[in-house]
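**Student:** Structure file run_39.txt (compact mmCIF, C-alpha atoms) right here:
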# COMPACT_ATOMS: atom_id res chain seq x y z
CA MET A 1 0.00 0.00 0.00
CA THR A 2 2.85 2.37 -0.76
CA SER A 3 0.80 4.12 -3.42
CA ARG A 4 -1.50 5.66 -0.84
CA GLN A 5 -1.02 9.14 0.44
CA VAL A 6 0.43 9.61 3.86
CA PHE A 7 -1.22 11.99 6.25
CA PRO A 8 0.62 15.04 7.53
CA PRO A 9 1.48 14.99 11.25
CA LEU A 10 -1.57 15.89 13.24
CA SER A 11 -2.73 15.63 16.81
CA LEU A 12 -5.90 15.99 18.77
CA ARG A 13 -5.66 17.70 22.12
CA ALA A 14 -8.55 18.07 24.53
CA THR A 15 -8.25 20.02 27.76
CA GLY A 16 -10.76 19.96 30.57
CA LEU A 17 -13.30 18.44 28.22
CA VAL A 18 -16.58 17.47 29.86
CA CYS A 19 -19.09 15.63 27.70
CA GLY A 20 -22.70 15.02 28.46
CA ARG A 21 -26.13 14.65 27.01
CA GLY A 22 -29.13 16.81 27.73
CA GLY A 23 -27.12 19.00 30.10
CA MET A 24 -26.06 16.05 32.28
CA ALA A 25 -22.32 15.52 32.51
CA LEU A 26 -21.30 11.95 31.75
CA THR A 27 -17.53 12.21 31.95
CA ARG A 28 -15.14 13.86 34.35
CA GLU A 29 -12.84 16.58 33.04
CA LEU A 30 -10.81 14.84 30.40
CA THR A 31 -7.41 15.92 29.25
CA VAL A 32 -6.45 13.80 26.30
CA SER A 33 -3.90 14.03 23.58
CA VAL A 34 -3.62 11.69 20.63
CA ALA A 35 -1.01 12.15 17.94
CA SER A 36 -0.41 10.69 14.50
CA GLY A 37 0.27 6.99 14.54
CA HIS A 38 -1.49 6.39 17.82
CA CYS A 39 -4.78 4.88 18.79
CA LEU A 40 -6.72 5.77 21.89
CA LEU A 41 -9.02 3.07 23.19
CA LEU A 42 -12.00 4.22 25.22
CA ARG A 43 -13.16 1.72 27.76
CA GLY A 44 -15.81 1.76 30.39
CA PRO A 45 -19.18 0.29 31.30
CA ASN A 46 -22.37 1.00 29.40
CA GLY A 47 -23.42 4.58 29.85
CA ALA A 48 -19.94 5.77 30.76
CA GLY A 49 -20.01 8.32 27.96
CA LYS A 50 -17.88 6.63 25.31
CA THR A 51 -20.26 7.35 22.45
CA THR A 52 -20.97 10.82 23.81
CA LEU A 53 -17.26 11.60 23.82
CA LEU A 54 -16.91 10.38 20.24
CA LEU A 55 -19.92 12.40 19.10
CA THR A 56 -18.54 15.45 20.87
CA LEU A 57 -15.22 15.05 19.08
CA ALA A 58 -17.13 14.60 15.83
CA GLY A 59 -18.73 17.98 16.45
CA VAL A 60 -22.26 16.64 16.69
CA ILE A 61 -22.76 17.41 20.39
CA PRO A 62 -21.37 20.60 21.95
CA PRO A 63 -19.09 19.95 24.98
CA LEU A 64 -20.41 21.00 28.38
CA ALA A 65 -17.06 22.48 29.37
CA GLY A 66 -13.53 22.67 28.07
CA GLY A 67 -12.62 22.22 24.47
CA PHE A 68 -10.57 20.32 21.96
CA ALA A 69 -8.64 21.15 18.86
CA LEU A 70 -6.94 19.39 16.01
CA GLU A 71 -3.45 20.77 15.93
CA ALA A 72 -1.68 21.45 12.68
CA ALA A 73 -4.89 20.69 10.91
CA ASP A 74 -5.80 22.10 7.57
CA THR A 75 -9.09 23.62 8.61
CA GLU A 76 -10.25 23.77 5.01
CA LEU A 77 -10.49 20.01 4.93
CA GLN A 78 -12.60 17.59 6.84
CA ASN A 79 -10.24 15.65 9.06
CA LEU A 80 -12.34 13.00 10.71
CA HIS A 81 -14.60 10.15 9.88
CA TYR A 82 -17.09 8.88 12.41
CA CYS A 83 -18.11 5.23 12.29
CA GLY A 84 -21.00 4.86 14.68
CA HIS A 85 -23.53 2.34 15.93
CA ARG A 86 -25.77 3.06 13.01
CA ASN A 87 -24.21 1.97 9.78
CA ALA A 88 -25.68 4.64 7.49
CA ILE A 89 -26.10 2.07 4.74
CA LYS A 90 -29.09 2.41 2.44
CA PRO A 91 -30.75 -0.98 1.98
CA ARG A 92 -32.16 -0.05 -1.41
CA LEU A 93 -28.82 0.83 -2.95
CA SER A 94 -26.37 -1.84 -3.97
CA VAL A 95 -23.18 -2.39 -2.00
CA LEU A 96 -21.20 -0.69 -4.75
CA GLU A 97 -23.59 2.27 -5.02
CA ASN A 98 -23.49 2.86 -1.28
CA LEU A 99 -19.72 2.96 -1.22
CA ASP A 100 -19.40 4.90 -4.49
CA PHE A 101 -21.64 7.61 -3.10
CA TRP A 102 -19.64 8.05 0.09
CA ARG A 103 -16.37 8.09 -1.77
CA ALA A 104 -17.67 10.88 -4.01
CA VAL A 105 -19.11 13.10 -1.26
CA ASN A 106 -16.04 12.59 0.90
CA GLY A 107 -13.77 14.09 -1.68
CA GLY A 108 -13.11 11.14 -3.97
CA THR A 109 -9.51 10.87 -2.80
CA GLY A 110 -9.75 7.65 -0.83
CA GLU A 111 -8.98 4.14 -1.86
CA PRO A 112 -10.81 2.91 -4.99
CA VAL A 113 -14.16 1.34 -4.16
CA GLU A 114 -13.29 -2.08 -5.59
CA ALA A 115 -10.09 -2.29 -3.56
CA ALA A 116 -11.91 -1.31 -0.37
CA LEU A 117 -14.62 -3.92 -0.97
CA ASP A 118 -11.95 -6.53 -1.60
CA GLU A 119 -10.25 -5.54 1.64
CA VAL A 120 -13.35 -6.08 3.76
CA GLY A 121 -14.33 -9.26 1.93
CA LEU A 122 -17.43 -8.03 0.12
CA ALA A 123 -16.04 -7.97 -3.43
CA ALA A 124 -18.29 -10.82 -4.56
CA LEU A 125 -21.41 -9.03 -3.34
CA ALA A 126 -20.76 -5.67 -4.99
CA ASN A 127 -23.96 -5.64 -7.01
CA LEU A 128 -26.24 -7.01 -4.33
CA ASP A 129 -28.69 -4.66 -2.62
CA ALA A 130 -27.23 -3.71 0.74
CA GLY A 131 -30.55 -4.63 2.35
CA TYR A 132 -29.75 -8.30 1.83
CA LEU A 133 -26.49 -8.15 3.76
CA SER A 134 -26.23 -9.68 7.21
CA ALA A 135 -25.52 -7.47 10.22
CA GLY A 136 -21.84 -8.37 10.12
CA GLN A 137 -21.57 -7.76 6.39
CA THR A 138 -23.29 -4.38 6.77
CA ARG A 139 -20.71 -3.55 9.41
CA ARG A 140 -17.94 -4.54 7.02
CA LEU A 141 -19.44 -2.21 4.42
CA ALA A 142 -19.43 0.61 6.99
CA LEU A 143 -15.76 -0.15 7.66
CA ALA A 144 -15.06 -0.03 3.92
CA ARG A 145 -16.34 3.53 4.02
CA LEU A 146 -13.38 4.40 6.25
CA LEU A 147 -11.09 3.28 3.47
CA VAL A 148 -12.76 5.21 0.66
CA SER A 149 -12.80 8.41 2.73
CA HIS A 150 -9.32 9.83 3.05
CA ARG A 151 -9.39 11.15 6.62
CA PRO A 152 -6.58 11.16 9.19
CA LEU A 153 -8.75 10.80 12.29
CA TRP A 154 -11.03 7.81 12.70
CA LEU A 155 -13.65 7.90 15.43
CA LEU A 156 -14.81 4.32 15.85
CA ASP A 157 -17.75 3.39 18.00
CA GLU A 158 -17.77 -0.35 18.66
CA PRO A 159 -16.11 -1.13 15.32
CA THR A 160 -16.19 -4.86 15.99
CA ALA A 161 -19.91 -5.06 16.81
CA ALA A 162 -21.60 -7.93 14.94
CA LEU A 163 -18.31 -9.02 13.39
CA ASP A 164 -16.94 -12.55 13.47
CA ILE A 165 -13.45 -13.52 14.68
CA GLU A 166 -12.01 -12.90 11.24
CA GLY A 167 -13.74 -9.52 11.28
CA HIS A 168 -11.98 -8.60 14.52
CA ASP A 169 -8.67 -9.30 12.78
CA LEU A 170 -9.85 -7.15 9.90
CA VAL A 171 -10.49 -4.19 12.21
CA THR A 172 -7.06 -4.62 13.78
CA ARG A 173 -5.42 -4.85 10.37
CA LEU A 174 -7.19 -1.75 9.01
CA LEU A 175 -6.40 0.18 12.16
CA ASP A 176 -2.75 -0.81 12.09
CA ARG A 177 -2.39 0.19 8.47
CA HIS A 178 -4.15 3.49 9.13
CA LEU A 179 -1.68 4.25 11.93
CA ASP A 180 1.20 3.24 9.63
CA MET A 181 0.07 5.90 7.20
CA GLY A 182 0.26 8.55 9.87
CA GLY A 183 -3.40 8.54 10.70
CA PHE A 184 -4.76 8.25 14.21
CA ALA A 185 -7.88 6.87 15.79
CA ILE A 186 -10.08 6.96 18.84
CA ALA A 187 -12.06 3.79 19.35
CA ALA A 188 -14.69 2.90 21.92
CA THR A 189 -14.83 -0.81 22.34
CA HIS A 190 -15.71 -3.62 24.69
CA ASP A 191 -13.78 -6.17 22.68
CA PRO A 192 -10.03 -6.16 23.14
CA ILE A 193 -8.21 -4.74 20.17
CA THR A 194 -4.55 -5.68 20.18
CA LEU A 195 -2.32 -3.98 17.69
CA PRO A 196 0.99 -5.65 16.78
CA ASP A 197 2.84 -2.74 18.35
CA PRO A 198 1.41 -2.12 21.84
CA ALA A 199 3.35 1.13 22.15
CA ARG A 200 0.85 2.67 19.76
CA MET A 201 -2.12 2.05 21.97
CA GLU A 202 -3.28 4.09 24.87
CA THR A 203 -6.31 3.40 26.98
CA LEU A 204 -8.67 5.84 28.57
CA VAL A 205 -11.07 4.38 31.08
CA LEU A 206 -14.31 6.26 31.41
CA GLY A 207 -16.83 5.81 34.16
CA ALA A 208 -17.17 7.10 37.70
CA ARG A 209 -15.80 4.17 39.68
CA THR A 210 -12.78 3.27 37.64
CA ALA A 211 -10.79 6.46 37.43
CA GLY A 212 -7.60 5.60 35.69
CA ALA A 213 -6.35 7.30 32.58
CA SER A 214 -3.04 6.55 31.06
CA SER A 215 -2.79 9.54 28.80
CA MET B 1 -19.21 18.77 -8.91
CA THR B 2 -18.89 14.99 -9.00
CA ALA B 3 -19.85 14.95 -5.33
CA PHE B 4 -22.96 17.00 -6.04
CA ARG B 5 -23.87 14.73 -8.93
CA ALA B 6 -23.34 11.66 -6.75
CA MET B 7 -25.67 13.18 -4.18
CA LEU B 8 -28.33 13.86 -6.85
CA ILE B 9 -28.09 10.34 -8.23
CA ARG B 10 -28.28 8.78 -4.77
CA GLU B 11 -31.38 10.79 -3.85
CA LEU B 12 -33.02 9.95 -7.15
CA HIS B 13 -32.28 6.24 -6.76
CA LEU B 14 -33.61 6.24 -3.22
CA ALA B 15 -36.77 8.06 -4.26
CA LEU B 16 -37.47 5.96 -7.33
CA ARG B 17 -36.76 2.66 -5.58
CA GLY B 18 -38.82 3.80 -2.62
CA GLY B 19 -41.80 2.08 -4.12
CA GLY B 20 -45.18 3.70 -3.69
CA ASP B 21 -44.14 6.96 -2.02
CA MET B 22 -44.42 9.02 -5.17
CA LEU B 23 -47.69 7.39 -6.19
CA THR B 24 -49.17 8.09 -2.76
CA LEU B 25 -48.68 11.83 -3.22
CA VAL B 26 -50.19 11.80 -6.70
CA LEU B 27 -53.17 9.76 -5.54
CA PHE B 28 -53.70 12.10 -2.61
CA PHE B 29 -53.62 15.09 -4.95
CA VAL B 30 -56.08 13.55 -7.40
CA ILE B 31 -58.40 12.33 -4.65
CA VAL B 32 -58.66 15.79 -3.09
CA GLY B 33 -59.58 17.11 -6.53
CA ALA B 34 -62.07 14.29 -7.02
CA ILE B 35 -63.98 14.67 -3.75
CA VAL B 36 -64.52 18.41 -4.01
CA PRO B 37 -67.29 18.16 -6.67
CA PHE B 38 -69.10 15.69 -4.44
CA ALA B 39 -68.73 17.90 -1.39
CA VAL B 40 -69.82 21.20 -2.96
CA GLY B 41 -72.32 19.80 -5.42
CA PRO B 42 -72.24 19.53 -9.19
CA ASP B 43 -72.48 23.26 -9.89
CA ARG B 44 -70.11 23.73 -12.83
CA GLU B 45 -69.86 27.49 -12.43
CA LEU B 46 -69.06 27.29 -8.73
CA LEU B 47 -66.56 24.51 -9.35
CA ALA B 48 -64.81 26.45 -12.07
CA ARG B 49 -64.59 29.45 -9.76
CA ILE B 50 -63.03 27.56 -6.83
CA ALA B 51 -60.93 25.21 -8.97
CA PRO B 52 -57.64 27.22 -8.79
CA GLY B 53 -57.84 27.34 -5.00
CA VAL B 54 -58.63 23.64 -4.77
CA VAL B 55 -55.72 22.71 -7.00
CA TRP B 56 -53.34 24.76 -4.90
CA ILE B 57 -54.67 23.40 -1.61
CA ALA B 58 -54.34 19.85 -2.91
CA ALA B 59 -50.78 20.52 -4.10
CA PHE B 60 -49.81 22.14 -0.81
CA LEU B 61 -51.19 19.26 1.28
CA ALA B 62 -49.66 16.61 -0.96
CA MET B 63 -46.26 18.27 -0.67
CA LEU B 64 -46.56 18.43 3.11
CA LEU B 65 -47.17 14.70 3.06
CA GLY B 66 -43.84 14.01 1.38
CA LEU B 67 -41.77 16.25 3.64
CA ASP B 68 -40.94 13.73 6.32
CA ARG B 69 -39.02 11.71 3.78
CA LEU B 70 -36.57 14.52 3.11
CA PHE B 71 -34.21 14.19 6.09
CA ARG B 72 -35.73 11.69 8.50
CA PRO B 73 -34.48 8.44 6.92
CA ASP B 74 -30.96 9.87 6.80
CA HIS B 75 -31.27 11.00 10.38
CA GLU B 76 -32.46 7.60 11.54
CA ASP B 77 -29.78 5.49 9.89
CA GLY B 78 -26.92 7.79 10.86
CA SER B 79 -26.24 9.12 7.35
CA LEU B 80 -26.94 12.69 8.42
CA ILE B 81 -24.03 12.71 10.89
CA LEU B 82 -21.72 11.56 8.12
CA LEU B 83 -23.15 14.07 5.65
CA ARG B 84 -22.33 16.81 8.15
CA GLN B 85 -18.69 15.74 7.93
CA ALA B 86 -18.65 15.24 4.19
CA GLU B 87 -16.34 17.16 1.90
CA LEU B 88 -19.43 18.39 0.07
CA PRO B 89 -20.85 21.33 2.08
CA LEU B 90 -24.06 20.57 3.90
CA SER B 91 -25.84 23.36 2.04
CA ALA B 92 -24.99 21.62 -1.24
CA VAL B 93 -26.26 18.35 0.21
CA VAL B 94 -29.54 20.08 1.07
CA ALA B 95 -29.69 21.73 -2.36
CA ALA B 96 -29.35 18.36 -4.05
CA LYS B 97 -32.02 16.89 -1.80
CA LEU B 98 -34.27 19.85 -2.55
CA ILE B 99 -33.93 19.48 -6.32
CA VAL B 100 -34.76 15.78 -6.18
CA HIS B 101 -37.54 16.37 -3.66
CA TRP B 102 -39.17 18.82 -6.06
CA ALA B 103 -38.68 16.46 -8.98
CA VAL B 104 -40.30 13.49 -7.24
CA SER B 105 -43.03 15.24 -5.25
CA ALA B 106 -44.05 18.35 -7.21
CA LEU B 107 -43.41 17.29 -10.77
CA PRO B 108 -45.72 14.24 -10.59
CA LEU B 109 -48.46 16.51 -9.22
CA ILE B 110 -48.02 18.87 -12.16
CA VAL B 111 -48.18 15.92 -14.53
CA ALA B 112 -51.36 14.73 -12.81
CA SER B 113 -52.97 18.18 -12.77
CA PRO B 114 -54.93 17.68 -16.05
CA PHE B 115 -57.01 15.02 -14.26
CA VAL B 116 -57.82 17.36 -11.42
CA ALA B 117 -58.57 20.18 -13.86
CA MET B 118 -61.00 17.90 -15.67
CA LEU B 119 -62.73 16.85 -12.45
CA LEU B 120 -63.14 20.49 -11.46
CA ALA B 121 -64.57 21.54 -14.85
CA MET B 122 -61.72 23.95 -15.55
CA ASP B 123 -61.59 25.54 -18.99
CA VAL B 124 -58.49 25.14 -21.11
CA ALA B 125 -57.14 28.67 -20.70
CA THR B 126 -57.43 28.46 -16.90
CA PHE B 127 -55.78 25.07 -16.97
CA TRP B 128 -52.70 26.40 -18.75
CA ARG B 129 -52.43 29.24 -16.27
CA THR B 130 -52.78 26.72 -13.42
CA LEU B 131 -50.03 24.60 -14.90
CA LEU B 132 -47.73 27.61 -15.16
CA SER B 133 -48.48 28.78 -11.64
CA LEU B 134 -47.82 25.30 -10.21
CA LEU B 135 -44.58 25.09 -12.13
CA LEU B 136 -43.44 28.45 -10.76
CA GLY B 137 -44.83 28.12 -7.24
CA THR B 138 -44.07 24.58 -6.14
CA PRO B 139 -40.28 25.18 -5.84
CA ALA B 140 -41.06 27.72 -3.10
CA LEU B 141 -43.29 25.21 -1.30
CA ALA B 142 -40.56 22.58 -1.50
CA ALA B 143 -37.91 25.04 -0.28
CA PHE B 144 -39.93 26.23 2.71
CA GLY B 145 -40.75 22.61 3.43
CA ALA B 146 -37.07 21.70 3.45
CA VAL B 147 -36.39 24.35 6.09
CA GLY B 148 -39.26 23.08 8.23
CA ALA B 149 -38.11 19.48 7.86
CA ALA B 150 -34.52 20.42 8.75
CA VAL B 151 -35.56 22.29 11.88
CA THR B 152 -37.67 19.41 13.13
CA VAL B 153 -35.52 16.47 12.00
CA SER B 154 -34.05 15.75 15.41
CA ILE B 155 -37.41 16.01 17.15
CA ARG B 156 -39.08 12.66 17.58
CA ARG B 157 -42.52 13.77 16.39
CA GLY B 158 -41.09 16.45 14.14
CA GLY B 159 -43.19 15.34 11.23
CA LEU B 160 -46.20 16.83 12.98
CA ILE B 161 -44.56 20.13 13.83
CA ALA B 162 -43.03 20.89 10.45
CA PRO B 163 -46.39 21.73 8.76
CA ILE B 164 -47.17 24.23 11.51
CA LEU B 165 -43.84 25.94 10.92
CA ILE B 166 -44.27 25.96 7.17
CA ALA B 167 -47.90 27.01 6.92
CA PRO B 168 -47.36 30.75 7.54
CA LEU B 169 -44.46 30.80 5.07
CA SER B 170 -46.51 29.05 2.44
CA ILE B 171 -49.48 31.39 2.61
CA PRO B 172 -47.94 33.99 0.27
CA VAL B 173 -47.22 31.22 -2.20
CA LEU B 174 -50.87 30.15 -2.11
CA ILE B 175 -52.09 33.75 -2.43
CA PHE B 176 -49.94 34.51 -5.46
CA GLY B 177 -50.44 31.02 -6.84
CA THR B 178 -54.20 31.29 -6.98
CA GLY B 179 -53.94 34.99 -7.77
CA SER B 180 -51.96 34.26 -10.89
CA ILE B 181 -54.80 32.07 -12.13
CA THR B 182 -57.84 34.15 -11.21
CA ALA B 183 -56.90 37.75 -10.49
CA THR B 184 -57.16 40.46 -13.09
CA GLN B 185 -53.47 41.25 -12.72
CA SER B 186 -52.40 37.68 -13.06
CA GLY B 187 -49.14 38.65 -14.77
CA ALA B 188 -47.93 40.55 -11.72
CA ALA B 189 -48.95 37.73 -9.40
CA LEU B 190 -47.04 35.29 -11.58
CA LEU B 191 -43.92 37.44 -11.31
CA PHE B 192 -44.29 37.61 -7.54
CA LEU B 193 -44.66 33.83 -7.45
CA ALA B 194 -41.51 33.39 -9.50
CA ALA B 195 -39.65 35.82 -7.23
CA LEU B 196 -40.77 33.93 -4.14
CA SER B 197 -39.60 30.65 -5.61
CA LEU B 198 -36.23 32.05 -6.63
CA MET B 199 -35.62 33.60 -3.25
CA ALA B 200 -36.78 30.55 -1.32
CA THR B 201 -34.75 28.05 -3.33
CA ALA B 202 -31.65 30.24 -3.14
CA LEU B 203 -31.75 30.78 0.60
CA SER B 204 -33.36 27.66 1.99
CA PRO B 205 -30.38 25.28 1.50
CA PHE B 206 -28.28 27.53 3.75
CA ALA B 207 -31.03 27.90 6.34
CA ALA B 208 -31.73 24.17 6.36
CA ALA B 209 -28.03 23.32 6.59
CA LEU B 210 -27.67 25.66 9.54
CA ALA B 211 -30.67 24.07 11.24
CA ILE B 212 -29.25 20.58 10.76
CA SER B 213 -25.73 21.38 11.88
CA SER B 214 -26.84 23.26 14.98
CA GLY B 215 -29.28 20.56 15.99
CA GLU B 216 -28.01 17.99 18.44
CA ASP B 217 -28.20 14.43 17.28
Can you dump the structure from the file as structure tokens?

**Tutor:**
Amino acid sequence: MTSRQVFPPLSLRATGLVCGRGGMALTRELTVSVASGHCLLLRGPNGAGKTTLLLTLAGVIPPLAGGFALEAADTELQNLHYCGHRNAIKPRLSVLENLDFWRAVNGGTGEPVEAALDEVGLAALANLDAGYLSAGQTRRLALARLLVSHRPLWLLDEPTAALDIEGHDLVTRLLDRHLDMGGFAIAATHDPITLPDPARMETLVLGARTAGASS
Amino acid sequence: MTAFRAMLIRELHLALRGGGDMLTLVLFFVIVGAIVPFAVGPDRELLARIAPGVVWIAAFLAMLLGLDRLFRPDHEDGSLILLRQAELPLSAVVAAKLIVHWAVSALPLIVASPFVAMLLAMDVATFWRTLLSLLLGTPALAAFGAVGAAVTVSIRRGGLIAPILIAPLSIPVLIFGTGSITATQSGAALLFLAALSLMATALSPFAAALAISSGED
């Protein structure tokens, strides 16, 4: 994959960030910094605010206090891609059409659609309506969207949900390659994700009782 | 430009493969036109006099019916969050949606309007003026509708609130729409209608985009 562009150095820094929904704070004051080539894993029980933190970083929910900034970011460009619970896949469009659309609206600079489908193991189903895919296959299609959108920061919310064992390896592989290219990621997950190089991973534990952050 | 075209094609595919949605609007429009003669009695002169108003009311209601489809499916499956982060500006996303929305909800009504005109005993000259006024006025209805749908998209029962928001905005469109068919100065009313449509379609994508991006998910 040497032909692919490499991202410029970039980092996300949050200081005193408090996230919450409906005016209720879910997290303590978070001070986090993630730089190119690193992945921050968010852990914590249900309701600890993992998704809320990701949505806040995605700019969908305003933070209750504090702030965050992408440093050295080209503000003209979109820098992040959010991969959430909901797959944002249209059942009435074919697998190829779904992915083609997202590649085009996300700048058209990502990996070619066929290569991305091949990567996630859906190449044979390209012309099938996405509505016929299983939950795991739909998830794989959502992951393929990460590849066709050329964005340095990945915000992943339970990326391995509904995936089989091989799918877990796929997530790890994609993540590792993304970090190799100078991208970075923040992932909320209950499943353990183990990258080949553990130095690249940091863990942030959310939740009231287990207060232990390593970053 | 390719992104905008991709957006247009996607919306068109979704609308055309959506099954009966389009047909529902057309049927609604024709049925409103069909029940009026039964409700007011078979007085041809009276019917011909109220026909322009009936056509516009039917078109307005039918377009309200299709509004919920504009942003809600994208909101529910998470696409809207991703569209907010797309390279294509959100206002362009809304503009593409608006164009396709007009093409699949207003255009079929205009195509079906000869049936309604026939049921309401409209004469041919009035029918042509009706056709022209619908063609010029429905973009404004669609544009105001898009703003209403965008404001209410994150509200659970937003589909009920949007018509209340839109109704006051749509009243001028109805006034000039029917005015351009019946009034003595129909030419001026037609120009006003065109101006309303131009202004609404030019500004509404920005207003709707602002409403979507400031709304919490």

**Student:** Could you check which of A:Ile89, A:Ala124, A:Val32, A:Leu147 is closest to A:Gly183, using all atoms listed in the file?

**Tutor:** A:Leu147

**Student:** Of the candidates A:Leu54, A:Ala25, A:Leu42, A:Ala48, which shows the shortest atom-to-atom distance to chain B, using only C-alpha atoms?

**Tutor:**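 Of all the options, A:Leu54 lies closest to chain B.
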
**Student:** Using all atoms listed in the file, find the residues of chain B whose closest atom to chain A is at most 10 Å away, then write them as a compact mmCIF listing (two decimals) with C-alpha atoms, in the coordinates of the input.

**Tutor:**
# COMPACT_ATOMS: atom_id res chain seq x y z
CA MET B 1 -19.21 18.77 -8.91
CA THR B 2 -18.89 14.99 -9.00
CA ALA B 3 -19.85 14.95 -5.33
CA PHE B 4 -22.96 17.00 -6.04
CA ARG B 5 -23.87 14.73 -8.93
CA ALA B 6 -23.34 11.66 -6.75
CA MET B 7 -25.67 13.18 -4.18
CA LEU B 8 -28.33 13.86 -6.85
CA ILE B 9 -28.09 10.34 -8.23
CA ARG B 10 -28.28 8.78 -4.77
CA HIS B 13 -32.28 6.24 -6.76
CA LEU B 14 -33.61 6.24 -3.22
CA ALA B 15 -36.77 8.06 -4.26
CA LEU B 16 -37.47 5.96 -7.33
CA ARG B 17 -36.76 2.66 -5.58
CA GLY B 18 -38.82 3.80 -2.62
CA PRO B 73 -34.48 8.44 6.92
CA ASP B 74 -30.96 9.87 6.80
CA HIS B 75 -31.27 11.00 10.38
CA GLU B 76 -32.46 7.60 11.54
CA ASP B 77 -29.78 5.49 9.89
CA GLY B 78 -26.92 7.79 10.86
CA SER B 79 -26.24 9.12 7.35
CA LEU B 80 -26.94 12.69 8.42
CA ILE B 81 -24.03 12.71 10.89
CA LEU B 82 -21.72 11.56 8.12
CA LEU B 83 -23.15 14.07 5.65
CA ARG B 84 -22.33 16.81 8.15
CA GLN B 85 -18.69 15.74 7.93
CA ALA B 86 -18.65 15.24 4.19
CA GLU B 87 -16.34 17.16 1.90
CA LEU B 88 -19.43 18.39 0.07
CA PRO B 89 -20.85 21.33 2.08
CA VAL B 93 -26.26 18.35 0.21
CA ILE B 212 -29.25 20.58 10.76
CA SER B 213 -25.73 21.38 11.88
CA SER B 214 -26.84 23.26 14.98
CA GLY B 215 -29.28 20.56 15.99
CA GLU B 216 -28.01 17.99 18.44
CA ASP B 217 -28.20 14.43 17.28

**Student:** Residues at most 10 Å from A:Asp191, counting all atoms listed in the file, excluding those fewer than 6 positions away in the same chain, as a PyMOL selection string?

**Tutor:** chain A and resi 43+158-161+168

**Student:** Check the smallest atom-to-atom distance from each of B:Ala208, B:Ile57, B:Leu120, B:Leu165 to B:Gly41 using all atoms listed in the file, then report the winner.

**Tutor:** B:Leu120

**Student:** Identify, on the basis of only C-alpha atoms, every residue whose closest approach to B:Leu65 does not exceed 12 Å; exclude the query and any residue fewer than 5 positions from it along the same chain; express the result as a PyMOL selection string.

**Tutor:** chain B and resi 21-29+58-60+70+101+105-106+142+145+149+159-160+162-163

**Student:** Please measure the separation of atom CA of A:Asp180 and atom CA of A:Leu70, giving the value in Å to one decimal.

**Tutor:**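 Computed distance, atom CA of A:Asp180 to atom CA of A:Leu70, equals 19.2 Å.
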
**Student:** May I ask for the distance between atom CA of A:Gly131 and atom CA of B:Ala95, given in Å to one decimal place?

**Tutor:** 26.8 Å

**Student:** At a cut-off of 7 Å around the point (-8.2, 10.3, 13.4) (file coordinates), what residues fall inside when counting only C-alpha atoms? I'd like the answer as a PyMOL selection string.

**Tutor:** chain A and resi 80+151-155+183-186

**Student:** Just to confirm, what's the straight-line distance from atom CA of B:Ile175 to atom CA of B:Trp56 in Å (one decimal)?

**Tutor:**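 Answer for the atom CA of B:Ile175 to atom CA of B:Trp56 separation: 9.4 Å.
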
**Student:** Go through A:Leu143, A:Ile165, A:Leu175, A:Ala187 one by one, measure the shortest atom-to-atom distance of each to A:Thr203 using all atoms listed in the file, and give the residue with the smallest value.

**Tutor:** A:Ala187
